[in-house]
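Below: structure12.cif (mmCIF, C-alpha atoms and all ligand atoms)
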data_work
loop_
_atom_site.label_atom_id
_atom_site.label_comp_id
_atom_site.auth_asym_id
_atom_site.auth_seq_id
_atom_site.Cartn_x
_atom_site.Cartn_y
_atom_site.Cartn_z
CA HIS A 1 269.98 118.40 254.49
CA LEU A 2 269.37 119.15 258.14
CA THR A 3 270.67 117.35 261.21
CA LYS A 4 268.09 115.68 263.47
CA ARG A 5 268.11 118.66 265.87
CA LEU A 6 267.75 121.30 263.14
CA ALA A 7 265.05 119.27 261.36
CA ALA A 8 263.07 119.06 264.60
CA ILE A 9 263.40 122.83 265.03
CA ALA A 10 262.35 123.54 261.43
CA ALA A 11 259.31 121.27 261.88
CA CYS A 12 258.05 123.61 264.63
CA VAL A 13 257.79 126.55 262.22
CA PRO A 14 254.24 126.85 260.82
CA ASN A 15 253.53 126.74 257.08
CA GLY A 16 253.67 130.19 255.54
CA ALA A 17 255.35 131.74 258.56
CA ARG A 18 257.50 134.85 258.28
CA VAL A 19 260.42 133.64 260.30
CA ALA A 20 263.53 135.17 261.86
CA ASP A 21 266.35 132.82 262.86
CA ILE A 22 268.49 134.67 265.39
CA GLY A 23 272.05 133.42 265.80
CA SER A 24 271.64 131.67 262.47
CA ASP A 25 275.34 130.85 261.83
CA HIS A 26 275.22 128.57 258.75
CA ALA A 27 271.61 129.71 257.99
CA MET A 28 270.65 126.06 257.56
CA VAL A 29 267.19 126.47 259.09
CA PRO A 30 265.96 129.40 256.94
CA ILE A 31 267.54 127.86 253.82
CA ASN A 32 265.76 124.57 254.47
CA LEU A 33 262.43 126.24 255.24
CA VAL A 34 262.49 128.30 252.05
CA THR A 35 263.84 125.49 249.85
CA SER A 36 261.12 123.12 251.03
CA GLY A 37 258.50 125.75 250.19
CA LYS A 38 257.22 125.89 253.77
CA VAL A 39 258.19 129.54 254.13
CA ASP A 40 258.84 132.21 251.54
CA TYR A 41 260.39 134.97 253.58
CA ALA A 42 262.99 134.73 256.31
CA VAL A 43 265.55 136.80 258.17
CA ALA A 44 268.83 135.29 259.36
CA GLY A 45 270.45 137.37 262.11
CA GLU A 46 274.05 137.10 263.27
CA VAL A 47 276.01 139.29 265.67
CA ILE A 48 279.50 137.97 264.78
CA ALA A 49 281.26 138.70 261.48
CA GLY A 50 282.43 135.11 260.78
CA PRO A 51 279.07 133.38 261.18
CA PHE A 52 277.39 136.35 259.42
CA ALA A 53 279.63 135.81 256.37
CA ARG A 54 278.96 132.06 256.54
CA ALA A 55 275.18 132.67 256.55
CA GLN A 56 275.46 135.23 253.74
CA ASN A 57 277.54 132.91 251.56
CA ALA A 58 275.23 129.95 252.16
CA VAL A 59 272.15 131.99 251.23
CA VAL A 60 273.76 133.38 248.07
CA ALA A 61 275.07 129.91 247.07
CA ALA A 62 271.55 128.51 247.45
CA GLY A 63 270.24 131.31 245.21
CA LEU A 64 267.90 132.46 247.98
CA ALA A 65 269.13 136.02 248.55
CA PRO A 66 265.77 137.54 247.50
CA LYS A 67 263.88 135.50 250.06
CA ILE A 68 266.30 135.37 252.99
CA ARG A 69 267.66 138.62 254.41
CA VAL A 70 270.92 138.06 256.25
CA ARG A 71 271.64 140.84 258.74
CA LEU A 72 274.54 141.60 261.04
CA ALA A 73 272.78 142.61 264.24
CA ASP A 74 272.57 141.92 267.95
CA GLY A 75 269.60 139.70 268.79
CA LEU A 76 266.16 140.81 267.63
CA ALA A 77 267.59 144.07 266.19
CA ALA A 78 267.92 141.96 263.01
CA ILE A 79 264.14 142.25 262.63
CA ARG A 80 262.51 145.29 260.97
CA ALA A 81 258.83 146.23 261.13
CA MET A 82 258.40 145.73 257.37
CA ASP A 83 259.52 142.09 257.74
CA GLN A 84 256.25 141.33 259.53
CA ILE A 85 257.95 138.50 261.36
CA ASP A 86 255.51 136.24 263.22
CA THR A 87 257.85 133.38 264.22
CA VAL A 88 261.24 133.68 265.90
CA VAL A 89 263.72 130.79 266.13
CA ILE A 90 266.64 130.97 268.59
CA ALA A 91 268.65 127.77 268.82
CA GLY A 92 271.98 126.45 269.99
CA MET A 93 272.68 128.92 272.80
CA GLY A 94 272.41 128.86 276.56
CA GLY A 95 269.05 129.63 278.13
CA ILE A 96 270.30 132.79 279.79
CA LEU A 97 271.49 134.23 276.47
CA ILE A 98 268.19 133.29 274.80
CA ARG A 99 266.23 134.94 277.62
CA ASP A 100 268.37 138.09 277.40
CA ILE A 101 267.96 138.32 273.61
CA LEU A 102 264.18 138.02 273.99
CA ALA A 103 264.01 140.46 276.91
CA ARG A 104 266.01 143.09 274.99
CA GLY A 105 263.72 142.74 271.97
CA GLN A 106 260.29 143.52 273.40
CA GLN A 107 259.62 146.02 270.59
CA GLU A 108 260.34 143.50 267.81
CA LEU A 109 258.42 140.79 269.67
CA LYS A 110 255.14 142.72 269.53
CA THR A 111 254.07 141.16 266.22
CA VAL A 112 255.53 137.74 267.02
CA LYS A 113 253.07 134.93 267.72
CA ARG A 114 255.35 131.95 268.04
CA LEU A 115 258.79 131.32 269.53
CA VAL A 116 260.79 128.19 268.71
CA LEU A 117 263.63 127.97 271.22
CA GLU A 118 266.35 125.40 271.72
CA PRO A 119 268.43 126.26 274.78
CA ASN A 120 271.43 123.95 275.16
CA VAL A 121 271.38 124.47 278.92
CA GLN A 122 269.32 126.45 281.50
CA GLU A 123 266.00 125.55 279.92
CA ASP A 124 264.31 126.55 283.21
CA VAL A 125 265.41 130.19 282.77
CA VAL A 126 263.67 130.28 279.39
CA ARG A 127 260.46 128.70 280.71
CA THR A 128 260.28 131.13 283.61
CA TRP A 129 260.68 134.12 281.29
CA LEU A 130 258.05 132.77 278.87
CA ALA A 131 255.46 132.43 281.64
CA GLU A 132 256.24 135.94 282.96
CA GLN A 133 255.68 137.32 279.45
CA GLN A 134 252.40 135.40 278.96
CA PHE A 135 253.81 132.96 276.46
CA ALA A 136 252.37 129.46 276.94
CA ILE A 137 254.48 126.45 276.06
CA ILE A 138 252.37 124.65 273.46
CA GLN A 139 254.84 121.96 272.44
CA GLU A 140 258.16 120.53 273.57
CA LYS A 141 260.51 118.04 271.98
CA ILE A 142 263.45 116.17 273.42
CA LEU A 143 265.97 114.32 271.29
CA ARG A 144 269.44 112.83 271.32
CA GLU A 145 272.10 113.55 268.75
CA ASP A 146 275.89 113.06 268.99
CA GLN A 147 275.77 112.16 272.72
CA HIS A 148 273.83 115.34 273.55
CA THR A 149 270.25 115.72 274.68
CA TYR A 150 268.42 118.69 273.17
CA GLU A 151 265.13 120.24 274.24
CA ILE A 152 263.01 122.35 271.92
CA ILE A 153 260.41 124.68 273.42
CA VAL A 154 257.59 126.11 271.29
CA ALA A 155 255.63 128.97 272.85
CA GLU A 156 252.75 131.19 271.79
CA ARG A 157 251.51 134.44 273.26
CA GLN A 158 248.35 134.22 275.36
CA ALA A 159 245.69 136.74 276.35
CA GLN A 160 245.55 135.40 279.91
CA PRO A 161 248.27 134.83 282.54
CA VAL A 162 250.46 131.73 282.24
CA LYS A 163 251.61 129.92 285.37
CA TYR A 164 253.89 126.90 285.75
CA THR A 165 254.83 124.93 288.85
CA GLU A 166 258.46 124.53 289.90
CA LEU A 167 258.48 121.00 288.44
CA GLN A 168 257.01 122.19 285.12
CA VAL A 169 259.66 124.90 284.86
CA LYS A 170 262.47 122.49 285.65
CA PHE A 171 261.37 119.49 283.59
CA GLY A 172 259.16 121.13 280.96
CA PRO A 173 255.34 121.16 281.17
CA CYS A 174 254.90 118.98 278.06
CA LEU A 175 257.98 116.80 278.54
CA VAL A 176 257.07 115.94 282.13
CA GLN A 177 253.66 114.79 281.00
CA GLU A 178 254.92 112.79 278.07
CA LYS A 179 257.92 111.20 279.87
CA ALA A 180 259.46 109.96 276.62
CA PRO A 181 262.37 107.48 276.83
CA VAL A 182 264.92 110.23 276.02
CA PHE A 183 263.48 112.34 278.86
CA GLN A 184 263.69 109.41 281.27
CA GLY A 185 267.25 108.73 280.15
CA LYS A 186 268.32 112.34 280.70
CA TRP A 187 266.97 112.54 284.24
CA GLN A 188 267.95 108.99 285.22
CA HIS A 189 271.49 109.91 284.20
CA ARG A 190 271.31 113.12 286.26
CA LEU A 191 270.02 111.16 289.24
CA VAL A 192 272.93 108.70 289.13
CA THR A 193 275.47 111.52 288.65
CA ASN A 194 274.01 113.42 291.62
CA GLN A 195 274.10 110.29 293.76
CA ARG A 196 277.76 109.81 292.96
CA ILE A 197 278.56 113.44 293.79
CA LEU A 198 276.55 113.20 297.01
CA ALA A 199 278.39 110.06 298.10
CA ASN A 200 281.70 111.93 297.72
CA LEU A 201 280.50 115.13 299.40
CA GLU A 202 279.09 113.26 302.38
CA GLN A 203 282.52 111.77 303.06
CA ALA A 204 284.26 115.15 303.06
CA GLN A 205 285.87 116.50 306.24
CA ASN A 206 283.60 119.53 306.09
CA PRO A 207 280.54 118.47 304.08
CA PRO A 208 279.15 121.46 302.13
CA GLN A 209 275.60 121.37 303.53
CA GLN A 210 274.09 123.82 301.07
CA LYS A 211 275.31 121.89 298.04
CA ILE A 212 274.21 118.59 299.58
CA THR A 213 270.72 119.95 300.24
CA THR A 214 270.43 121.24 296.67
CA LEU A 215 271.42 117.88 295.21
CA ARG A 216 269.10 115.95 297.55
CA THR A 217 266.21 118.21 296.63
CA GLU A 218 266.90 117.76 292.93
CA ASN A 219 267.06 113.99 293.35
CA GLN A 220 263.73 113.99 295.20
CA GLN A 221 262.21 115.95 292.33
CA ILE A 222 263.65 113.54 289.77
CA GLU A 223 262.38 110.52 291.72
CA GLU A 224 258.94 112.12 291.94
CA VAL A 225 258.85 112.83 288.21
CA LEU A 226 260.23 109.46 287.10
CA HIS A 227 258.60 107.14 289.61
CA GLY A 228 256.05 109.19 291.55
N1 LIG A 301 271.30 128.54 265.52
C1 LIG A 301 272.34 127.68 264.97
C2 LIG A 301 272.13 126.26 265.41
O1 LIG A 301 271.30 126.03 266.29
O2 LIG A 301 272.79 125.36 264.88
C3 LIG A 301 273.73 128.16 265.38
C4 LIG A 301 274.02 128.03 266.84
S1 LIG A 301 275.60 128.72 267.24
C5 LIG A 301 276.17 127.63 268.46
C6 LIG A 301 275.15 130.20 268.12
C7 LIG A 301 275.21 131.42 267.22
O3 LIG A 301 274.56 132.50 267.87
C8 LIG A 301 276.63 131.88 266.93
O4 LIG A 301 276.82 131.92 265.53
C9 LIG A 301 276.69 133.28 267.55
O5 LIG A 301 277.46 134.17 266.79
C10 LIG A 301 275.23 133.69 267.57
N2 LIG A 301 274.87 134.69 268.57
C11 LIG A 301 275.25 134.74 269.86
N3 LIG A 301 274.73 135.82 270.47
C12 LIG A 301 273.99 136.46 269.53
C13 LIG A 301 273.22 137.66 269.53
N4 LIG A 301 273.11 138.42 270.64
N5 LIG A 301 272.60 138.02 268.39
C14 LIG A 301 272.73 137.28 267.27
N6 LIG A 301 273.45 136.15 267.21
C15 LIG A 301 274.08 135.75 268.31
#
What does the file become when written as structure tokens?
Amino acid sequence: HLTKRLAAIAACVPNGARVADIGSDHAMVPINLVTSGKVDYAVAGEVIAGPFARAQNAVVAAGLAPKIRVRLADGLAAIRAMDQIDTVVIAGMGGILIRDILARGQQELKTVKRLVLEPNVQEDVVRTWLAEQQFAIIQEKILREDQHTYEIIVAERQAQPVKYTELQVKFGPCLVQEKAPVFQGKWQHRLVTNQRILANLEQAQNPPQQKITTLRTENQQIEEVLHG
């Protein structure tokens, strides 16, 4: 049984995909995808011994060892050409780490059509990299679970250049259009937090101008997106 976040991630994997879950830890996503019959071949990659053993044990316990290869490897090095992976899932890490894993795996990415990414923070870094690499964001999800807000980014490779505005990169091209309640809540909360920080900074003996400008700019962007 998957948590809300993991279920939303699994739902972004197409039927019949050959999927690699990088940084799989408990291997819950590949196990669920194979058990439900949505997928019949998956790779679970882990770079750390503990989570690797956890993934391995979970796959064996589920009786899925023939269908899910668990590999101890750094990033996309878990993928082999014979796997014919077409969908890569990377979830539960910072955006910078996700970007670096993707950038170091260009060779393995050649056959990959779809990326399902869930950066915990620095979503903008991921979106910028995707556009640079001609991946278009075809779907985004935003959800709340255990007091956290999670964003899921689904991207597919394009033949033509992909370009996003600063606002699309920051807020998400699909999310900013949809403006779901969870999205509004996230940015409304950020706005109020920034306002509180600004009020303190402006009273300082030596107000840090750079920081104040950054926060004011962000608040203008949030206002524009939420109420503009
Ligand atoms: N993907 C699962 C999820 O979303 O629930 C687990 C997320 S867990 C917080 C992050 C996992 O990524 C850890 O188990 C960590 O060992 C793994 N990881 C970090 N860097 C990695 C890398 N370069 N290659 C493979 N796995 C990595």
All residues having an atom within 6 Å of ligand LIG 301 (chain A) (all atoms listed in the file) as a PyMOL selection string:
chain A and resi 22-25+45-48+51+74-75+91-93+101
Please measure the separation of atom CA of Glu145 of chain A and atom CA of Gly172 of chain A, giving the value in Å to one decimal.
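Value for the atom CA of Glu145 of chain A-atom CA of Gly172 of chain A distance: 19.3 Å.
Contact shell of Gln106 of chain A at 10 Å (only C-alpha atoms; same-chain neighbours under 5 positions omitted): Leu76, Ile101, Thr111, Val112 and Gln133 of chain A.
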Please identify all polymer residues within 7 Å of Ile137 of chain A, counting only C-alpha atoms, omitting same-chain residues fewer than 6 positions from it, and present them as a VMD selection string.
chain A and resid 153 to 156
Separation of atom CA of Leu102 of chain A and atom CA of Ile85 of chain A, in Å?
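Between atom CA of Leu102 of chain A and atom CA of Ile85 of chain A the gap works out to 14.1 Å.
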Near-Gln134 of chain A list (9 Å; only C-alpha atoms; drop same-chain fewer than 4 positions) as a PyMOL selection string:
chain A and resi 129-130+156-163
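Proximity to Ala17 of chain A was assessed for A:Leu33, A:Ile152, A:Ile222, A:Leu167 counting all atoms listed in the file; the smallest distance is recorded for A:Leu33.
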Considering only C-alpha atoms, can you say which of A:Glu140, A:Glu223, A:Glu132, A:Asp124 comes closest to Gln184 of chain A?
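Using only C-alpha atoms, Gln184 of chain A sits closest to A:Glu223.
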Since the input is missing atoms for segment 180-210 of chain A, could you rebuild it with N, CA and C atoms and give the result as a compact mmCIF listing (two decimals), in the coordinates of the input?
# COMPACT_ATOMS: atom_id res chain seq x y z
N ALA A 180 258.91 110.77 277.72
CA ALA A 180 259.46 109.96 276.62
C ALA A 180 260.75 109.26 277.10
N PRO A 181 261.15 108.19 276.44
CA PRO A 181 262.37 107.48 276.83
C PRO A 181 263.61 108.40 276.92
N VAL A 182 263.76 109.32 275.99
CA VAL A 182 264.92 110.23 276.02
C VAL A 182 264.88 111.11 277.28
N PHE A 183 263.68 111.55 277.64
CA PHE A 183 263.48 112.34 278.86
C PHE A 183 263.87 111.52 280.09
N GLN A 184 263.37 110.28 280.14
CA GLN A 184 263.69 109.41 281.27
C GLN A 184 265.19 109.17 281.35
N GLY A 185 265.81 108.96 280.19
CA GLY A 185 267.25 108.73 280.15
C GLY A 185 268.03 109.92 280.67
N LYS A 186 267.64 111.12 280.26
CA LYS A 186 268.32 112.34 280.70
C LYS A 186 268.30 112.46 282.22
N TRP A 187 267.11 112.29 282.80
CA TRP A 187 266.97 112.54 284.24
C TRP A 187 267.47 111.36 285.07
N GLN A 188 267.37 110.16 284.53
CA GLN A 188 267.95 108.99 285.22
C GLN A 188 269.48 109.17 285.32
N HIS A 189 270.06 109.66 284.23
CA HIS A 189 271.49 109.91 284.20
C HIS A 189 271.87 110.98 285.22
N ARG A 190 271.06 112.03 285.30
CA ARG A 190 271.31 113.12 286.26
C ARG A 190 271.22 112.59 287.68
N LEU A 191 270.23 111.74 287.91
CA LEU A 191 270.02 111.16 289.24
C LEU A 191 271.27 110.38 289.69
N VAL A 192 271.76 109.54 288.80
CA VAL A 192 272.93 108.70 289.13
C VAL A 192 274.17 109.58 289.35
N THR A 193 274.34 110.59 288.49
CA THR A 193 275.47 111.52 288.65
C THR A 193 275.38 112.22 290.00
N ASN A 194 274.19 112.74 290.32
CA ASN A 194 274.01 113.42 291.62
C ASN A 194 274.31 112.49 292.78
N GLN A 195 273.86 111.25 292.67
CA GLN A 195 274.10 110.29 293.76
C GLN A 195 275.59 110.06 293.97
N ARG A 196 276.31 110.01 292.88
CA ARG A 196 277.76 109.81 292.96
C ARG A 196 278.42 111.02 293.62
N ILE A 197 278.00 112.21 293.20
CA ILE A 197 278.56 113.44 293.79
C ILE A 197 278.23 113.50 295.29
N LEU A 198 276.98 113.17 295.61
CA LEU A 198 276.55 113.20 297.01
C LEU A 198 277.38 112.25 297.87
N ALA A 199 277.62 111.05 297.35
CA ALA A 199 278.39 110.06 298.10
C ALA A 199 279.78 110.61 298.43
N ASN A 200 280.38 111.33 297.48
CA ASN A 200 281.70 111.93 297.72
C ASN A 200 281.62 113.08 298.73
N LEU A 201 280.63 113.96 298.53
CA LEU A 201 280.50 115.13 299.40
C LEU A 201 280.26 114.73 300.85
N GLU A 202 279.46 113.67 301.02
CA GLU A 202 279.09 113.26 302.38
C GLU A 202 280.29 112.71 303.15
N GLN A 203 281.31 112.29 302.40
CA GLN A 203 282.52 111.77 303.06
C GLN A 203 283.53 112.86 303.35
N ALA A 204 283.27 114.07 302.89
CA ALA A 204 284.26 115.15 303.06
C ALA A 204 284.42 115.50 304.54
N GLN A 205 285.58 116.06 304.86
CA GLN A 205 285.87 116.50 306.24
C GLN A 205 284.82 117.51 306.70
N ASN A 206 284.59 118.48 305.81
CA ASN A 206 283.60 119.53 306.09
C ASN A 206 282.53 119.49 305.02
N PRO A 207 281.53 118.61 305.15
CA PRO A 207 280.54 118.47 304.08
C PRO A 207 279.84 119.79 303.78
N PRO A 208 279.82 120.21 302.51
CA PRO A 208 279.15 121.46 302.13
C PRO A 208 277.63 121.27 302.17
N GLN A 209 277.02 121.67 303.28
CA GLN A 209 275.60 121.37 303.53
C GLN A 209 274.67 121.93 302.46
N GLN A 210 274.95 123.16 302.06
CA GLN A 210 274.09 123.82 301.07
C GLN A 210 274.02 123.00 299.78
